[in-house]
Amino acid sequence: MKDFLKFTLASIVGIILSSLMLMFIGIGIIQMAVSSTEKEVNVKNNSLLVLKFEGEIVDRAVDNPFDNINIPGIPSMSKIGLNQIIKNISKAKKDDRIEGILLNLSSLNTGLASLREIRNALIDYKDSSNFIIAYAESYSQGSYYLASVADEIYVQPEGNFQFSGIGANIMFYTGLLEKMGIEPQVIRHGKFKSAVEPFLLKKMSEENRLQTSTFMNSIWETILEDISASKNIPVEKLQGFADNTVISSAKKAVELGFITKTMYREDLVLHLKEKLGIKATKDIETLSLKDYNSVPEPNKTKLSRNKIAVIYAEGAIESGENGDGTIGSETILQAFRKARKDSAIKAIVFRVNSPGGSALASDVIWHEVKLAKAVKPVVVSMGNYAASGGYYIACPADSIFADPMTITGSIGVFGLMFNAQELLNNKLNLYFDGVKTAKHADMGSIDKPLSDDQKAIIQNSVEEVYETFITHVSKGRKIEKTRVDEIGQGRVWSGKNAIEINLIDAFGGLTRSTFSAATMADIADDYRIVEYPKQKTPIEQIMDDLSAQAFTSNPLSNNKIAKQYFELLGMIENYEGPLALLPIKISWK
C-alpha cells in the first residue's frame with residue numbers, strides 16, 4: 001500500500017509538471033504568433049539607442065521567443081549575441097535618426113575579449129560625432145572598463161566603484177579525494193598542462209604560477225593602457241590606484257577623474273533631454289537592443305550574391321551534435337561542408353570561443369577546416385578563449401585574429417582516470433569481480449588502479465596525440481616543430497603574448513576578421529554574411545534552457561570557481577581518450 005501511494009503520488013506530480021510545461025510552451029507559441037504579426041520597429045528622429053546587457057553575452061545567441069516568459073521559480077537564462085551587439089552599434093553609426101547611445105551598465109556578464117570587442121565598436125561609433133553616455137548604480141571593473149569610452153560617465157551618488165586588479169583563484173580537490181579514498185591517475189604531456197593540478201596538488205605548481213602570472217599581467221596591461229588612452233590618466237597612476245585600493249566610492253572616483261559626476265536617474269533623464277534638445281515634459285524616443293535588431297541597415301537595398309560564411313564554435317569540444325554550451329564535431333563538420341560546397345560562399349570566418357575538450361573531436365574539426373582552406377580562404381576569429389583543443393581547430397586557417405585579452409595556446413594533452421578502490425572496498429564494503437577475454441579488457445575500471453603496463457599504453461596514446469597536435473600547429477603556422485614544442489607544453493598565453501610567438505597573425509574581432517576574409521576573396525566591396533550552424537527551433541531551445549536551468553538548482557553551481565570544475569568533471573566523465581583542455585577560466589569583478 002505504501003509503495004502504491006508513493007508511485008501514485010509520483011505519477012500525479014509528473015502529470016502536473018508536464019501539463020505546466022505544455023502550458024508555458026503554448027503561451028510561448030501564442031506569443032510567437034502575435035509577435036510575428038507586429039509591424040517593423042519605427043525609428044523616429046532624435047532617438048536614443050539604449051544598450052542594457054541583461055543576460056550572458058555569448059558569440060551568437062539563439063533567437064528565442066520564450067526569453068520574455070517568466071516562469072515562477074526558474075531563473076532567467078536569457079543570452080545576448082555579441083554579433084548582434086556589434087552589428088547594432090555599427091548600424092547606429094550610419095543611422096541619422098540615432099543621436100546617441102546610452103550605456104546602462106547595471107549588469108554585465110561576459111568575457112574579457114568580448115568586452116573589449118564591444119568597447120572597440122563603441123570607439124568606432126564615436127567617429128560619427130554622436131554622443132555616448134554611461135550610467136550605473138555602481139561600477140565593477142568590467143562595467144567601468146566599457147564605460148571608460150563614453151563622453152560622459154555618471155553614477156548613482158551612493159554607488160560603489162571597484163578598481164583593484166584581476167586575479168585567479170583555483171580550487172584544489174586533492175584533500176577531499178584523499179579523504180574519500182579516490183586516487184586520480186594522471187597521464188599528461190606538457191609541464192604547463194595544469195588542468196589536472198586541482199586533482200593532484202594542494203597549491204599551484206611553479207610552472208602554472210609562472211604561466212598564469214604572465215598572461216594575467218599581459219591582460220591587465222591592456223586594460224590599463226585602454227583606460228589610460230580614454231581617460232588621459234597615466235598607466236603608472238592607474239596601477240598605483242589599484243595597488244593601494246585608493247578608489248572604493250563613486251565620490252572618490254569623481255574626484256580622481258574616473259567619473260564625470262554623481263547623478264540620480266531622474267536627473268540623468270533631464271540631462272539626456274537637454275542633450276537631445278527636447279522639452280522636459282516630453283518623453284525620450286528610445287530603442288532597446290532587441291528592438292533595433294529588426295531595423296534594417298540604412299541605405300542598404302541590394303542583396304549581394306557574394307557570401308561570407310561565419311561558422312560559430314562556442315563551448316567545450318565533444319563528439320556528436322552541438323549541445324547547450326558545447327561544440328559538437330558533427331555539427332561543425334556539416335557546417336563546414338555546406339560552406340565549402342556552396343559556390344556563392346567566397347570565404348569562411350571560423351569564430352572559435354572554446355577552452356578545448358576531446359582531442360578526437362578536435363581532430364575531426366581540424367580536418368574539415370583544412371579541407372575548406374584548400375577551396376576558399378578561411379580566417380579564424382578567436383573569442384574569449386581559443387586554447388588547447390580550441391587552438392587545435394584554429395591552427396590550419398589562412399589567418400588567425402585574436403584580441404590581446406584572448407586566452408590561447410595551451411598546446412598540450414592529458415588523460416585522467418580515477419581509482420576508487422579504497423572508497424569502494426574499505427569505506428563502502430563494495431567488491432567487484434568478473435572475467436575478461438584479454439589482459440587489459442578492464443583498463444580504466446574505477447575499482448582498481450592502472451597497472452604499469454596500462455599507464456604505459458595511455459602515456460603512449462597521449463604522446464601520439466601531442467605529436468599530432470604540434471605537427472598540425474607546425475604546418476598550419478609554418479613554425480619549426482621544435483619551436484612549437486618549446487612554446488607548447490600546455491602553456492597558456494594571452495593574445496598579446498601569442499602574436500609575439502606567431503600563434504596568431506593580428507589583433508581584431510569578428511568585424512576585422514570578416515573584412516580580412518572578404519579582402520582575401522576579393523569581394524570587400526560587395527558581400528553579405530550568412531551564419532552557421534543552423535539555429536535550433538524555439539521549442540528545441542526552450543527544452544535546452546529548461547535542462548540548463550535544472551543545473552542552477554544546485555547552490556554550488558552559482559559559484560564561479562566551483563562551476564568551472566563541475567564542467568571540467570562533466571567533460572572528463574563524458575570523454576574517451578586524451579583531452580586537450582584549458583586549465584582554468586579567469587574572470588574579474
# chains A, B, ... in the order shown; residues from 1 in each chain; ligands from 1
>>> residues_around(residues="Thr519 in chain A", least_positions_apart="5", cutoff="12 Å", atoms="only C-alpha atoms", output="list in words")
Ile308, Lys346, Ala347, Ile348, Pro377, Val378, Val379, Arg512, Ser513, Thr514, Ala524, Asp525, Asp526 and Tyr527 of chain A
>>> residues_around(residues="Leu146 in chain A", least_positions_apart="4", cutoff="9 Å", atoms="only C-alpha atoms", output="MDAnalysis selection string")
chainID A and resid 103 105 115:116 118:119 122 134 141:142 150
>>> residues_around(residues="Leu423 in chain A", least_positions_apart="4", cutoff="10 Å", atoms="only C-alpha atoms", output="short mmCIF file (atom, residue, chain, number, x, y, z; two decimals) with C-alpha atoms, in the first residue's frame")
data_model
loop_
_atom_site.label_atom_id
_atom_site.label_comp_id
_atom_site.auth_asym_id
_atom_site.auth_seq_id
_atom_site.Cartn_x
_atom_site.Cartn_y
_atom_site.Cartn_z
CA LEU A 177 39.77 12.96 -2.83
CA GLU A 178 42.27 11.61 -0.29
CA LYS A 179 39.61 11.68 2.42
CA MET A 180 37.14 9.90 0.15
CA GLY A 181 39.69 7.27 -0.86
CA ILE A 182 39.84 8.21 -4.53
CA GLU A 183 43.17 8.30 -6.36
CA ASN A 419 40.92 4.71 -8.87
CA LYS A 427 34.65 2.55 3.20
CA LEU A 428 31.62 1.24 1.33
CA ASN A 429 32.35 -2.50 1.64
CA LEU A 430 31.77 -2.96 -2.09
CA ASP A 447 37.60 -0.45 -8.74
#
>>> closest_residue(among="A:Gln334, A:Ser143, A:Ser78, A:Ser329", to="Ala316 in chain A", atoms="only C-alpha atoms")
A:Ser329
>>> atom_distance(atom1="CA of Lys439 in chain A", atom2="CA of Ile457 in chain A")
12.5 Å
>>> atom_distance(atom1="CA of Gly508 in chain A", atom2="CA of Asn120 in chain A")
9.3 Å
>>> select_by_dssp(residues="range 272-339 of chain A", states="strand (DSSP E or B)", output="list in words")
Thr286, Leu287, Ser288, Lys307, Ile308, Ala309, Val310, Ile311, Tyr312, Ala313, Glu314, Ala316, Ile317, Glu318, Thr326, Ile327 and Gly328 of chain A
>>> write_last_selection(atoms="N, CA and C atoms", output="JSON list (two decimals), in the first residue's frame")
[["chain", "number", "residue", "atom", "x", "y", "z"],
["A", 286, "THR", "N", 13.34, 56.09, -27.30],
["A", 286, "THR", "CA", 14.43, 55.14, -27.05],
["A", 286, "THR", "C", 14.22, 53.84, -27.82],
["A", 287, "LEU", "N", 15.32, 53.19, -28.09],
["A", 287, "LEU", "CA", 15.31, 51.88, -28.74],
["A", 287, "LEU", "C", 16.18, 50.93, -27.93],
["A", 288, "SER", "N", 15.67, 49.73, -27.66],
["A", 288, "SER", "CA", 16.49, 48.72, -27.00],
["A", 288, "SER", "C", 17.26, 47.94, -28.04],
["A", 307, "LYS", "N", 28.74, 35.75, -50.67],
["A", 307, "LYS", "CA", 28.51, 35.47, -49.25],
["A", 307, "LYS", "C", 29.83, 35.15, -48.53],
["A", 308, "ILE", "N", 29.85, 35.52, -47.27],
["A", 308, "ILE", "CA", 30.91, 35.05, -46.36],
["A", 308, "ILE", "C", 30.21, 34.26, -45.26],
["A", 309, "ALA", "N", 30.62, 33.04, -45.07],
["A", 309, "ALA", "CA", 30.03, 32.19, -44.03],
["A", 309, "ALA", "C", 30.78, 32.42, -42.72],
["A", 310, "VAL", "N", 30.04, 32.75, -41.67],
["A", 310, "VAL", "CA", 30.61, 32.81, -40.33],
["A", 310, "VAL", "C", 30.13, 31.58, -39.57],
["A", 311, "ILE", "N", 31.06, 30.72, -39.22],
["A", 311, "ILE", "CA", 30.74, 29.47, -38.52],
["A", 311, "ILE", "C", 31.12, 29.65, -37.05],
["A", 312, "TYR", "N", 30.13, 29.53, -36.17],
["A", 312, "TYR", "CA", 30.34, 29.75, -34.74],
["A", 312, "TYR", "C", 30.62, 28.43, -34.02],
["A", 313, "ALA", "N", 31.68, 28.43, -33.22],
["A", 313, "ALA", "CA", 32.02, 27.27, -32.39],
["A", 313, "ALA", "C", 32.30, 27.79, -30.98],
["A", 314, "GLU", "N", 31.34, 27.59, -30.09],
["A", 314, "GLU", "CA", 31.45, 28.15, -28.74],
["A", 314, "GLU", "C", 31.17, 27.09, -27.69],
["A", 316, "ALA", "N", 32.78, 23.80, -24.93],
["A", 316, "ALA", "CA", 33.70, 22.66, -24.87],
["A", 316, "ALA", "C", 33.51, 21.77, -26.09],
["A", 317, "ILE", "N", 34.60, 21.21, -26.59],
["A", 317, "ILE", "CA", 34.56, 20.39, -27.81],
["A", 317, "ILE", "C", 34.30, 18.93, -27.46],
["A", 318, "GLU", "N", 33.29, 18.36, -28.12],
["A", 318, "GLU", "CA", 32.96, 16.96, -27.90],
["A", 318, "GLU", "C", 32.49, 16.33, -29.20],
["A", 326, "THR", "N", 28.15, 23.55, -25.80],
["A", 326, "THR", "CA", 29.19, 22.66, -26.29],
["A", 326, "THR", "C", 29.32, 22.74, -27.81],
["A", 327, "ILE", "N", 30.50, 22.38, -28.30],
["A", 327, "ILE", "CA", 30.78, 22.32, -29.73],
["A", 327, "ILE", "C", 30.78, 20.86, -30.14],
["A", 328, "GLY", "N", 29.82, 20.46, -30.97],
["A", 328, "GLY", "CA", 29.76, 19.08, -31.45],
["A", 328, "GLY", "C", 30.51, 18.95, -32.76]]
>>> atom_distance(atom1="CA of Leu102 in chain A", atom2="CA of Gly55 in chain A")
17.5 Å
>>> select_by_dssp(residues="range 301-409 of chain A", states="alpha helix (DSSP H)", output="ChimeraX atom specification")
/A:329-341,359-373,389-392
>>> closest_residue(among="A:His367, A:Ser343, A:Lys373, A:Met417", to="Ile393 in chain A", atoms="only C-alpha atoms")
A:His367
